[in-house]
$ cat input16.cif   # mmCIF, C-alpha atoms
data_input
loop_
_atom_site.group_PDB
_atom_site.id
_atom_site.type_symbol
_atom_site.label_atom_id
_atom_site.label_comp_id
_atom_site.auth_asym_id
_atom_site.auth_seq_id
_atom_site.Cartn_x
_atom_site.Cartn_y
_atom_site.Cartn_z
ATOM 1 C CA MET A 1 -13.907 8.686 -44.676
ATOM 2 C CA ALA A 2 -11.726 9.253 -41.610
ATOM 3 C CA GLY A 3 -11.837 6.475 -39.056
ATOM 4 C CA THR A 4 -13.200 3.831 -41.458
ATOM 5 C CA GLN A 5 -11.979 0.372 -40.450
ATOM 6 C CA THR A 6 -10.053 -1.598 -43.038
ATOM 7 C CA GLY A 7 -8.653 -5.088 -43.172
ATOM 8 C CA PRO A 8 -10.381 -8.379 -42.362
ATOM 9 C CA ASP A 9 -12.832 -8.711 -39.493
ATOM 10 C CA ARG A 10 -12.418 -11.438 -36.857
ATOM 11 C CA ALA A 11 -14.758 -13.960 -38.495
ATOM 12 C CA THR A 12 -12.951 -13.659 -41.837
ATOM 13 C CA ALA A 13 -9.519 -13.824 -40.218
ATOM 14 C CA LEU A 14 -10.515 -16.952 -38.275
ATOM 15 C CA ALA A 15 -11.801 -18.620 -41.429
ATOM 16 C CA TRP A 16 -8.515 -17.894 -43.202
ATOM 17 C CA LEU A 17 -6.516 -19.158 -40.237
ATOM 18 C CA ARG A 18 -8.520 -22.387 -39.930
ATOM 19 C CA GLN A 19 -8.008 -23.143 -43.611
ATOM 20 C CA ALA A 20 -4.277 -22.411 -43.397
ATOM 21 C CA LEU A 21 -3.946 -24.692 -40.378
ATOM 22 C CA ALA A 22 -5.815 -27.461 -42.193
ATOM 23 C CA ASP A 23 -3.552 -27.156 -45.233
ATOM 24 C CA GLU A 24 -0.215 -26.441 -43.570
ATOM 25 C CA LEU A 25 -0.113 -27.719 -40.002
ATOM 26 C CA ASP A 26 -2.692 -30.419 -39.264
ATOM 27 C CA ASP A 27 -0.610 -33.300 -40.647
ATOM 28 C CA LEU A 28 2.472 -32.279 -38.677
ATOM 29 C CA MET A 29 0.495 -31.939 -35.469
ATOM 30 C CA ARG A 30 -1.393 -35.183 -36.043
ATOM 31 C CA SER A 31 1.929 -37.036 -36.390
ATOM 32 C CA SER A 32 2.711 -35.979 -32.808
ATOM 33 C CA GLY A 33 -0.704 -36.991 -31.469
ATOM 34 C CA PHE A 34 -2.390 -33.568 -31.565
ATOM 35 C CA GLU A 35 -5.906 -33.136 -32.919
ATOM 36 C CA ARG A 36 -7.888 -30.051 -33.898
ATOM 37 C CA SER A 37 -11.610 -29.839 -34.521
ATOM 38 C CA ALA A 38 -12.687 -28.220 -37.777
ATOM 39 C CA ARG A 39 -14.033 -25.076 -36.101
ATOM 40 C CA SER A 40 -11.124 -24.636 -33.704
ATOM 41 C CA VAL A 41 -7.729 -22.939 -33.893
ATOM 42 C CA SER A 42 -6.336 -25.018 -31.003
ATOM 43 C CA TYR A 43 -4.629 -28.404 -30.959
ATOM 44 C CA GLY A 44 -4.647 -30.811 -28.040
ATOM 45 C CA ARG A 45 -3.472 -34.240 -26.916
ATOM 46 C CA PRO A 46 -3.800 -36.251 -23.686
ATOM 47 C CA TRP A 47 -1.377 -35.431 -20.879
ATOM 48 C CA GLY A 48 -1.416 -36.945 -17.401
ATOM 49 C CA GLY A 49 -5.188 -37.142 -17.215
ATOM 50 C CA GLY A 50 -5.369 -33.638 -18.706
ATOM 51 C CA ARG A 51 -4.278 -31.998 -21.948
ATOM 52 C CA GLN A 52 -1.318 -30.401 -23.649
ATOM 53 C CA LYS A 53 -2.590 -27.614 -25.888
ATOM 54 C CA VAL A 54 -1.234 -25.445 -28.684
ATOM 55 C CA ASP A 55 -3.434 -22.382 -29.109
ATOM 56 C CA PHE A 56 -3.479 -19.775 -31.860
ATOM 57 C CA GLU A 57 -4.780 -16.336 -30.970
ATOM 58 C CA LEU A 58 -5.710 -13.353 -33.114
ATOM 59 C CA ILE A 59 -5.487 -9.638 -32.385
ATOM 60 C CA VAL A 60 -7.647 -7.858 -34.940
ATOM 61 C CA ARG A 61 -6.453 -4.410 -36.031
ATOM 62 C CA PRO A 62 -3.699 -3.910 -33.440
ATOM 63 C CA HIS A 63 -2.795 -0.272 -32.838
ATOM 64 C CA TYR A 64 0.515 -0.617 -34.688
ATOM 65 C CA ALA A 65 -1.154 -2.143 -37.782
ATOM 66 C CA PRO A 66 -4.827 -1.058 -37.903
ATOM 67 C CA ASP A 67 -5.452 -2.763 -41.254
ATOM 68 C CA ALA A 68 -4.022 -6.150 -40.203
ATOM 69 C CA VAL A 69 -4.497 -9.123 -37.907
ATOM 70 C CA GLN A 70 -1.725 -10.348 -35.617
ATOM 71 C CA VAL A 71 -1.440 -14.096 -35.022
ATOM 72 C CA SER A 72 0.321 -15.531 -31.991
ATOM 73 C CA LEU A 73 0.877 -18.967 -30.503
ATOM 74 C CA SER A 74 1.009 -20.304 -26.964
ATOM 75 C CA VAL A 75 1.251 -23.724 -25.349
ATOM 76 C CA SER A 76 -0.443 -24.790 -22.152
ATOM 77 C CA PHE A 77 -0.681 -27.706 -19.749
ATOM 78 C CA VAL A 78 -4.187 -28.370 -18.452
ATOM 79 C CA SER A 79 -4.985 -30.632 -15.510
ATOM 80 C CA ALA A 80 -8.133 -30.445 -13.397
ATOM 81 C CA GLU A 81 -6.583 -32.670 -10.720
ATOM 82 C CA ILE A 82 -3.350 -30.694 -10.344
ATOM 83 C CA ALA A 83 -5.280 -27.419 -10.472
ATOM 84 C CA ALA A 84 -7.570 -28.649 -7.692
ATOM 85 C CA ILE A 85 -4.555 -29.402 -5.489
ATOM 86 C CA ALA A 86 -3.012 -26.027 -6.341
ATOM 87 C CA ARG A 87 -6.199 -24.200 -5.317
ATOM 88 C CA THR A 88 -5.889 -25.634 -1.809
ATOM 89 C CA MET A 89 -2.285 -24.364 -1.637
ATOM 90 C CA LEU A 90 -2.662 -20.888 -3.125
ATOM 91 C CA PRO A 91 -3.943 -17.743 -1.420
ATOM 92 C CA ALA A 92 -7.708 -17.558 -1.868
ATOM 93 C CA ASP A 93 -7.514 -14.365 -3.919
ATOM 94 C CA ASP A 94 -5.066 -15.958 -6.378
ATOM 95 C CA ALA A 95 -6.361 -19.487 -6.741
ATOM 96 C CA ASP A 96 -8.813 -19.020 -9.603
ATOM 97 C CA ILE A 97 -6.470 -16.627 -11.401
ATOM 98 C CA VAL A 98 -3.283 -18.702 -11.265
ATOM 99 C CA VAL A 99 -4.960 -21.935 -12.433
ATOM 100 C CA ARG A 100 -7.840 -20.402 -14.376
ATOM 101 C CA LYS A 101 -9.679 -22.991 -16.460
ATOM 102 C CA ASP A 102 -7.355 -25.631 -14.940
ATOM 103 C CA VAL A 103 -4.351 -24.292 -16.902
ATOM 104 C CA ILE A 104 -1.364 -24.999 -14.667
ATOM 105 C CA GLN A 105 1.227 -23.503 -17.017
ATOM 106 C CA ARG A 106 1.119 -21.402 -20.167
ATOM 107 C CA SER A 107 4.065 -20.304 -22.306
ATOM 108 C CA VAL A 108 4.035 -17.939 -25.267
ATOM 109 C CA LEU A 109 6.163 -18.547 -28.324
ATOM 110 C CA ASP A 110 9.062 -16.284 -27.366
ATOM 111 C CA GLN A 111 9.495 -18.303 -24.158
ATOM 112 C CA ILE A 112 10.086 -21.391 -26.299
ATOM 113 C CA THR A 113 12.012 -20.109 -29.316
ATOM 114 C CA PRO A 114 14.258 -17.033 -29.268
ATOM 115 C CA ASN A 115 13.094 -13.741 -30.752
ATOM 116 C CA PRO A 116 10.315 -14.820 -33.117
ATOM 117 C CA PRO A 117 9.090 -11.930 -35.263
ATOM 118 C CA VAL A 118 5.580 -10.553 -34.919
ATOM 119 C CA LEU A 119 3.376 -12.195 -37.542
ATOM 120 C CA LYS A 120 0.439 -10.382 -39.107
ATOM 121 C CA PHE A 121 -1.670 -10.654 -42.216
ATOM 122 C CA THR A 122 -4.161 -8.650 -44.236
ATOM 123 C CA SER A 123 -5.219 -11.305 -46.772
ATOM 124 C CA GLU A 124 -5.716 -15.045 -47.069
ATOM 125 C CA PRO A 125 -2.362 -15.613 -48.843
ATOM 126 C CA GLU A 126 -0.610 -13.684 -46.083
ATOM 127 C CA ALA A 127 -2.413 -15.788 -43.469
ATOM 128 C CA ARG A 128 -1.073 -18.911 -45.169
ATOM 129 C CA ASP A 129 2.432 -17.430 -45.212
ATOM 130 C CA ALA A 130 2.178 -16.645 -41.485
ATOM 131 C CA VAL A 131 1.188 -20.231 -40.692
ATOM 132 C CA GLY A 132 4.093 -21.400 -42.876
ATOM 133 C CA HIS A 133 6.472 -19.433 -40.647
ATOM 134 C CA VAL A 134 4.832 -20.870 -37.542
ATOM 135 C CA LYS A 135 5.131 -24.389 -38.957
ATOM 136 C CA SER A 136 8.929 -24.196 -38.911
ATOM 137 C CA TRP A 137 8.914 -23.082 -35.259
ATOM 138 C CA VAL A 138 6.393 -25.761 -34.316
ATOM 139 C CA SER A 139 8.601 -28.419 -35.865
ATOM 140 C CA SER A 140 11.928 -27.152 -34.506
ATOM 141 C CA SER A 141 10.901 -25.838 -31.084
ATOM 142 C CA VAL A 142 7.280 -26.205 -29.985
ATOM 143 C CA VAL A 143 6.789 -29.946 -30.482
ATOM 144 C CA PRO A 144 10.221 -30.778 -28.967
ATOM 145 C CA TYR A 145 9.346 -28.546 -25.985
ATOM 146 C CA LEU A 146 6.118 -30.464 -25.446
ATOM 147 C CA GLU A 147 7.716 -33.860 -26.078
ATOM 148 C CA ALA A 148 10.291 -33.112 -23.377
ATOM 149 C CA ARG A 149 7.315 -32.649 -21.020
ATOM 150 C CA ARG A 150 5.276 -35.557 -22.352
ATOM 151 C CA SER A 151 4.503 -36.849 -18.854
ATOM 152 C CA VAL A 152 3.769 -35.024 -15.624
ATOM 153 C CA GLU A 153 7.002 -36.522 -14.225
ATOM 154 C CA GLU A 154 9.067 -34.893 -16.972
ATOM 155 C CA PHE A 155 7.142 -31.632 -16.632
ATOM 156 C CA VAL A 156 7.943 -31.562 -12.911
ATOM 157 C CA ARG A 157 11.575 -32.571 -13.377
ATOM 158 C CA LEU A 158 12.268 -29.771 -15.855
ATOM 159 C CA ASP A 159 10.382 -27.143 -13.860
ATOM 160 C CA VAL A 160 12.163 -28.076 -10.642
ATOM 161 C CA ARG A 161 15.493 -27.904 -12.464
ATOM 162 C CA SER A 162 14.601 -24.451 -13.765
ATOM 163 C CA LEU A 163 13.637 -23.284 -10.277
ATOM 164 C CA MET A 164 16.775 -24.709 -8.698
ATOM 165 C CA ASP A 165 19.008 -23.261 -11.411
ATOM 166 C CA ASP A 166 17.663 -19.830 -10.487
ATOM 167 C CA SER A 167 19.769 -19.502 -7.358
ATOM 168 C CA SER A 168 19.820 -15.718 -7.493
ATOM 169 C CA GLY A 169 17.168 -15.517 -4.791
ATOM 170 C CA ARG A 170 15.245 -12.992 -6.846
ATOM 171 C CA SER A 171 12.016 -11.853 -5.312
ATOM 172 C CA PRO A 172 9.148 -12.020 -5.890
ATOM 173 C CA ARG A 173 9.070 -15.508 -7.357
ATOM 174 C CA GLY A 174 5.306 -15.575 -7.691
ATOM 175 C CA PRO A 175 3.078 -18.661 -7.579
ATOM 176 C CA ARG A 176 4.992 -20.894 -9.993
ATOM 177 C CA ALA A 177 6.639 -22.997 -7.279
ATOM 178 C CA VAL A 178 3.266 -23.621 -5.623
ATOM 179 C CA VAL A 179 1.917 -25.082 -8.867
ATOM 180 C CA VAL A 180 5.027 -27.251 -9.288
ATOM 181 C CA ALA A 181 4.611 -28.466 -5.708
ATOM 182 C CA ALA A 182 0.963 -29.260 -6.459
ATOM 183 C CA ALA A 183 2.116 -31.398 -9.392
ATOM 184 C CA GLN A 184 4.576 -33.173 -7.099
ATOM 185 C CA ARG A 185 1.762 -33.895 -4.655
ATOM 186 C CA PHE A 186 -0.343 -35.196 -7.567
ATOM 187 C CA LEU A 187 2.490 -37.646 -8.249
ATOM 188 C CA GLY A 188 2.481 -38.776 -4.600
ATOM 189 C CA ARG A 189 5.665 -36.928 -3.632
ATOM 190 C CA PRO A 190 4.705 -34.621 -0.749
ATOM 191 C CA GLU A 191 8.263 -34.551 0.602
ATOM 192 C CA ASP A 192 9.557 -33.270 -2.750
ATOM 193 C CA ALA A 193 6.781 -30.685 -2.757
ATOM 194 C CA LEU A 194 7.967 -29.363 0.595
ATOM 195 C CA VAL A 195 11.578 -29.161 -0.625
ATOM 196 C CA THR A 196 10.400 -27.129 -3.639
ATOM 197 C CA LEU A 197 8.432 -24.741 -1.439
ATOM 198 C CA GLU A 198 11.265 -24.322 1.060
ATOM 199 C CA PHE A 199 13.686 -23.480 -1.749
ATOM 200 C CA ALA A 200 11.360 -21.025 -3.471
ATOM 201 C CA TYR A 201 10.098 -19.288 -0.329
ATOM 202 C CA PRO A 202 12.779 -19.445 2.378
ATOM 203 C CA ARG A 203 11.862 -18.351 5.884
ATOM 204 C CA GLU A 204 13.471 -14.931 5.466
ATOM 205 C CA SER A 205 11.623 -14.120 2.232
ATOM 206 C CA LEU A 206 8.700 -11.727 2.070
ATOM 207 C CA GLU A 207 6.669 -14.266 0.086
ATOM 208 C CA ARG A 208 6.885 -16.943 2.797
ATOM 209 C CA THR A 209 3.896 -15.482 4.631
ATOM 210 C CA TYR A 210 1.913 -14.817 1.474
ATOM 211 C CA TYR A 211 2.226 -18.444 0.321
ATOM 212 C CA ASP A 212 1.852 -19.874 3.826
ATOM 213 C CA ALA A 213 -1.232 -21.824 2.718
ATOM 214 C CA ALA A 214 1.019 -24.008 0.551
ATOM 215 C CA PHE A 215 3.003 -25.066 3.622
ATOM 216 C CA MET A 216 -0.156 -25.549 5.677
ATOM 217 C CA ALA A 217 -1.850 -27.828 3.115
ATOM 218 C CA SER A 218 -0.529 -31.013 4.767
ATOM 219 C CA PRO A 219 2.495 -31.368 2.477
ATOM 220 C CA MET A 220 3.787 -34.372 4.405
ATOM 221 C CA ALA A 221 0.520 -36.324 4.284
ATOM 222 C CA GLU A 222 0.558 -39.557 2.393
ATOM 223 C CA VAL A 223 -0.751 -39.134 -1.137
ATOM 224 C CA ALA A 224 -1.280 -42.203 -3.291
ATOM 225 C CA PRO A 225 0.855 -42.101 -6.451
ATOM 226 C CA ARG A 226 -1.173 -41.431 -9.580
ATOM 227 C CA THR A 227 -1.175 -43.405 -12.801
ATOM 228 C CA GLU A 228 -1.021 -41.030 -15.729
ATOM 229 C CA ALA A 229 -3.642 -41.551 -18.393
ATOM 230 C CA GLY A 230 -2.441 -40.861 -21.871
ATOM 231 C CA ALA A 231 1.185 -40.329 -20.852
#

$ encode --input "input16.cif" --output "structure tokens"
Amino acid sequence: MAGTQTGPDRATALAWLRQALADELDDLMRSSGFERSARSVSYGRPWGGGRQKVDFELIVRPHYAPDAVQVSLSVSFVSAEIAAIARTMLPADDADIVVRKDVIQRSVLDQITPNPPVLKFTSEPEARDAVGHVKSWVSSSVVPYLEARRSVEEFVRLDVRSLMDDSSGRSPRGPRAVVVAAAQRFLGRPEDALVTLEFAYPRESLERTYYDAAFMASPMAEVAPRTEAGA
């Protein structure tokens, strides 16, 4: 019959994925301090009073493969305290979008490892094979990426370096520098936060006015340095 849906539904695909993660990836992730609950397809570990997360996501019956399920991976840094600071620095219309659910940064797999192929499956063995492919990337790229940002200090250092290395002056830069500056304020470094903002949004840039709230949020006020839990 025309239009009949084929391939696994979401509940079945999730069950296959959870079992493949349990068999193929849990031990590797546990060795780096990440835990996953039995009903979840996300891993997490403590990070600066928040969490580092590795999330698996499914797209059921994508248009290019209507009988399959696509699996993708992303990593995120979650901090309620940094997000709260960022909300005071961001334009009101952006605040809850940029740091939604207290996620201060999220990266998909192809931002961490070059040109990963699209992974999809139509059966439980194929789901296991897909997780096997992911396992090699997790070991070679994802865990090292997260280890390099194991503390908020290292996260900030690498993000500031990335911002400063981008000396092209491309515009728009978006809200990334505001979030980095919020993390610097969390660490008790308001002067560094102001340097980051001045670099990202110079006085002649169109974004200077849009992100004016970041400059107005008392960047030079004394902020007590934080002690990172779980760092």

$ resolve_selection --input "input16.cif" --expression "the PyMOL selection byres ((chain A and resi 160) around 10)" --output "mmCIF file with C-alpha atoms, in the coordinates of the input"
data_model
loop_
_atom_site.group_PDB
_atom_site.id
_atom_site.type_symbol
_atom_site.label_atom_id
_atom_site.label_comp_id
_atom_site.auth_asym_id
_atom_site.auth_seq_id
_atom_site.Cartn_x
_atom_site.Cartn_y
_atom_site.Cartn_z
ATOM 1 C CA GLU A 154 9.067 -34.893 -16.972
ATOM 2 C CA PHE A 155 7.142 -31.632 -16.632
ATOM 3 C CA VAL A 156 7.943 -31.562 -12.911
ATOM 4 C CA ARG A 157 11.575 -32.571 -13.377
ATOM 5 C CA LEU A 158 12.268 -29.771 -15.855
ATOM 6 C CA ASP A 159 10.382 -27.143 -13.860
ATOM 7 C CA ARG A 161 15.493 -27.904 -12.464
ATOM 8 C CA SER A 162 14.601 -24.451 -13.765
ATOM 9 C CA LEU A 163 13.637 -23.284 -10.277
ATOM 10 C CA MET A 164 16.775 -24.709 -8.698
ATOM 11 C CA ASP A 165 19.008 -23.261 -11.411
ATOM 12 C CA ASP A 166 17.663 -19.830 -10.487
ATOM 13 C CA ALA A 177 6.639 -22.997 -7.279
ATOM 14 C CA VAL A 180 5.027 -27.251 -9.288
ATOM 15 C CA ALA A 181 4.611 -28.466 -5.708
ATOM 16 C CA GLN A 184 4.576 -33.173 -7.099
ATOM 17 C CA ASP A 192 9.557 -33.270 -2.750
ATOM 18 C CA ALA A 193 6.781 -30.685 -2.757
ATOM 19 C CA THR A 196 10.400 -27.129 -3.639
#

$ closest_atom_pairs --input "input16.cif" --of "stretch 134-210 of chain A" --to "stretch 28-44 of chain A" --cutoff "9 Å" --atoms "all atoms listed in the file" --output "tab-separated table"
residue	atom	partner	partner_atom	distance
A:Lys135	CA	A:Leu28	CA	8.3
A:Val138	CA	A:Met29	CA	8.6
A:Ser139	CA	A:Leu28	CA	7.8
A:Val143	CA	A:Ser32	CA	7.6
A:Glu147	CA	A:Ser32	CA	8.7

$ closest_residue --input "input16.cif" --among "A:Gln19, A:Ser107, A:Asn115, A:Ser79" --to "A:Leu146" --atoms "all atoms listed in the file"
A:Ser107

$ residues_around --input "input16.cif" --residues "stretch 7-13 of chain A" --least-positions-apart "4" --cutoff "10 Å" --atoms "only C-alpha atoms" --output "compact mmCIF listing (two decimals) with C-alpha atoms, keeping the file's coordinate frame"
# COMPACT_ATOMS: atom_id res chain seq x y z
CA LEU A 17 -6.52 -19.16 -40.24
CA ARG A 18 -8.52 -22.39 -39.93
CA LEU A 58 -5.71 -13.35 -33.11
CA ILE A 59 -5.49 -9.64 -32.38
CA VAL A 60 -7.65 -7.86 -34.94
CA ARG A 61 -6.45 -4.41 -36.03
CA ALA A 65 -1.15 -2.14 -37.78
CA PRO A 66 -4.83 -1.06 -37.90
CA ASP A 67 -5.45 -2.76 -41.25
CA ALA A 68 -4.02 -6.15 -40.20
CA VAL A 69 -4.50 -9.12 -37.91
CA GLN A 70 -1.72 -10.35 -35.62
CA VAL A 71 -1.44 -14.10 -35.02
CA PHE A 121 -1.67 -10.65 -42.22
CA THR A 122 -4.16 -8.65 -44.24
CA SER A 123 -5.22 -11.30 -46.77
CA GLU A 124 -5.72 -15.04 -47.07
CA ALA A 127 -2.41 -15.79 -43.47

$ closest_residue --input "input16.cif" --among "A:Asp94, A:Glu191, A:Asp55, A:Glu81" --to "A:Leu109" --atoms "all atoms listed in the file"
A:Asp55

$ closest_residue --input "input16.cif" --among "A:Val118, A:Gly49, A:Phe186, A:Gln105" --to "A:Ser72" --atoms "all atoms listed in the file"
A:Val118

$ axis_aligned_box --input "input16.cif" --around "stretch 146-153 of chain A" --padding-each-side "8 Å" --output "AutoDock Vina command-line options"
--center_x 7.0 --center_y -33.7 --center_z -20.2 --size_x 22.5 --size_y 22.4 --size_z 27.9

$ decode --input "input16.cif" --residues "stretch 30-54 of chain A" --atoms "N, CA and C atoms" --output "PDB file, in the first residue's frame"
ATOM      1  N   ARG A  30      32.474   4.885  31.226  1.00  0.00           N
ATOM      2  CA  ARG A  30      32.634   4.789  32.676  1.00  0.00           C
ATOM      3  C   ARG A  30      34.103   4.995  33.070  1.00  0.00           C
ATOM      4  N   SER A  31      35.029   4.521  32.238  1.00  0.00           N
ATOM      5  CA  SER A  31      36.449   4.674  32.551  1.00  0.00           C
ATOM      6  C   SER A  31      36.885   6.136  32.538  1.00  0.00           C
ATOM      7  N   SER A  32      36.090   6.997  31.904  1.00  0.00           N
ATOM      8  CA  SER A  32      36.382   8.432  31.893  1.00  0.00           C
ATOM      9  C   SER A  32      35.461   9.216  32.825  1.00  0.00           C
ATOM     10  N   GLY A  33      34.719   8.498  33.674  1.00  0.00           N
ATOM     11  CA  GLY A  33      33.893   9.155  34.678  1.00  0.00           C
ATOM     12  C   GLY A  33      32.478   9.472  34.250  1.00  0.00           C
ATOM     13  N   PHE A  34      32.054   8.997  33.070  1.00  0.00           N
ATOM     14  CA  PHE A  34      30.706   9.253  32.581  1.00  0.00           C
ATOM     15  C   PHE A  34      29.772   8.112  32.973  1.00  0.00           C
ATOM     16  N   GLU A  35      28.560   8.473  33.356  1.00  0.00           N
ATOM     17  CA  GLU A  35      27.542   7.494  33.713  1.00  0.00           C
ATOM     18  C   GLU A  35      26.308   7.690  32.836  1.00  0.00           C
ATOM     19  N   ARG A  36      25.572   6.612  32.656  1.00  0.00           N
ATOM     20  CA  ARG A  36      24.322   6.641  31.895  1.00  0.00           C
ATOM     21  C   ARG A  36      23.298   5.801  32.622  1.00  0.00           C
ATOM     22  N   SER A  37      22.108   6.344  32.831  1.00  0.00           N
ATOM     23  CA  SER A  37      21.053   5.546  33.444  1.00  0.00           C
ATOM     24  C   SER A  37      20.508   4.552  32.418  1.00  0.00           C
ATOM     25  N   ALA A  38      19.900   3.493  32.904  1.00  0.00           N
ATOM     26  CA  ALA A  38      19.484   2.398  32.028  1.00  0.00           C
ATOM     27  C   ALA A  38      18.494   2.835  30.962  1.00  0.00           C
ATOM     28  N   ARG A  39      17.661   3.820  31.254  1.00  0.00           N
ATOM     29  CA  ARG A  39      16.633   4.249  30.311  1.00  0.00           C
ATOM     30  C   ARG A  39      17.068   5.433  29.448  1.00  0.00           C
ATOM     31  N   SER A  40      18.302   5.864  29.606  1.00  0.00           N
ATOM     32  CA  SER A  40      18.772   7.057  28.918  1.00  0.00           C
ATOM     33  C   SER A  40      19.682   6.713  27.744  1.00  0.00           C
ATOM     34  N   VAL A  41      19.835   7.662  26.822  1.00  0.00           N
ATOM     35  CA  VAL A  41      20.832   7.545  25.762  1.00  0.00           C
ATOM     36  C   VAL A  41      21.815   8.720  25.860  1.00  0.00           C
ATOM     37  N   SER A  42      21.995   9.227  27.086  1.00  0.00           N
ATOM     38  CA  SER A  42      22.927  10.319  27.351  1.00  0.00           C
ATOM     39  C   SER A  42      23.872   9.921  28.477  1.00  0.00           C
ATOM     40  N   TYR A  43      25.113  10.381  28.359  1.00  0.00           N
ATOM     41  CA  TYR A  43      26.116  10.179  29.398  1.00  0.00           C
ATOM     42  C   TYR A  43      26.433  11.530  30.036  1.00  0.00           C
ATOM     43  N   GLY A  44      26.809  11.510  31.314  1.00  0.00           N
ATOM     44  CA  GLY A  44      27.166  12.748  31.968  1.00  0.00           C
ATOM     45  C   GLY A  44      28.192  12.531  33.064  1.00  0.00           C
ATOM     46  N   ARG A  45      28.944  13.602  33.365  1.00  0.00           N
ATOM     47  CA  ARG A  45      29.861  13.592  34.504  1.00  0.00           C
ATOM     48  C   ARG A  45      29.948  15.006  35.064  1.00  0.00           C
ATOM     49  N   PRO A  46      30.352  15.141  36.337  1.00  0.00           N
ATOM     50  CA  PRO A  46      30.426  16.473  36.945  1.00  0.00           C
ATOM     51  C   PRO A  46      31.416  17.371  36.216  1.00  0.00           C
ATOM     52  N   TRP A  47      31.073  18.667  36.194  1.00  0.00           N
ATOM     53  CA  TRP A  47      31.932  19.665  35.542  1.00  0.00           C
ATOM     54  C   TRP A  47      31.647  21.031  36.145  1.00  0.00           C
ATOM     55  N   GLY A  48      32.574  21.542  36.948  1.00  0.00           N
ATOM     56  CA  GLY A  48      32.477  22.892  37.462  1.00  0.00           C
ATOM     57  C   GLY A  48      31.178  23.228  38.159  1.00  0.00           C
ATOM     58  N   GLY A  49      30.626  22.323  38.913  1.00  0.00           N
ATOM     59  CA  GLY A  49      29.330  22.534  39.526  1.00  0.00           C
ATOM     60  C   GLY A  49      28.179  22.205  38.605  1.00  0.00           C
ATOM     61  N   GLY A  50      28.481  21.871  37.345  1.00  0.00           N
ATOM     62  CA  GLY A  50      27.470  21.476  36.371  1.00  0.00           C
ATOM     63  C   GLY A  50      27.776  20.101  35.807  1.00  0.00           C
ATOM     64  N   ARG A  51      27.563  19.948  34.498  1.00  0.00           N
ATOM     65  CA  ARG A  51      27.751  18.640  33.866  1.00  0.00           C
ATOM     66  C   ARG A  51      28.380  18.795  32.493  1.00  0.00           C
ATOM     67  N   GLN A  52      29.227  17.843  32.140  1.00  0.00           N
ATOM     68  CA  GLN A  52      29.571  17.570  30.745  1.00  0.00           C
ATOM     69  C   GLN A  52      28.675  16.434  30.292  1.00  0.00           C
ATOM     70  N   LYS A  53      28.110  16.550  29.087  1.00  0.00           N
ATOM     71  CA  LYS A  53      27.182  15.539  28.608  1.00  0.00           C
ATOM     72  C   LYS A  53      27.554  15.087  27.193  1.00  0.00           C
ATOM     73  N   VAL A  54      27.306  13.818  26.945  1.00  0.00           N
ATOM     74  CA  VAL A  54      27.396  13.244  25.600  1.00  0.00           C
ATOM     75  C   VAL A  54      26.018  12.679  25.291  1.00  0.00           C
TER      76      VAL A  54
END
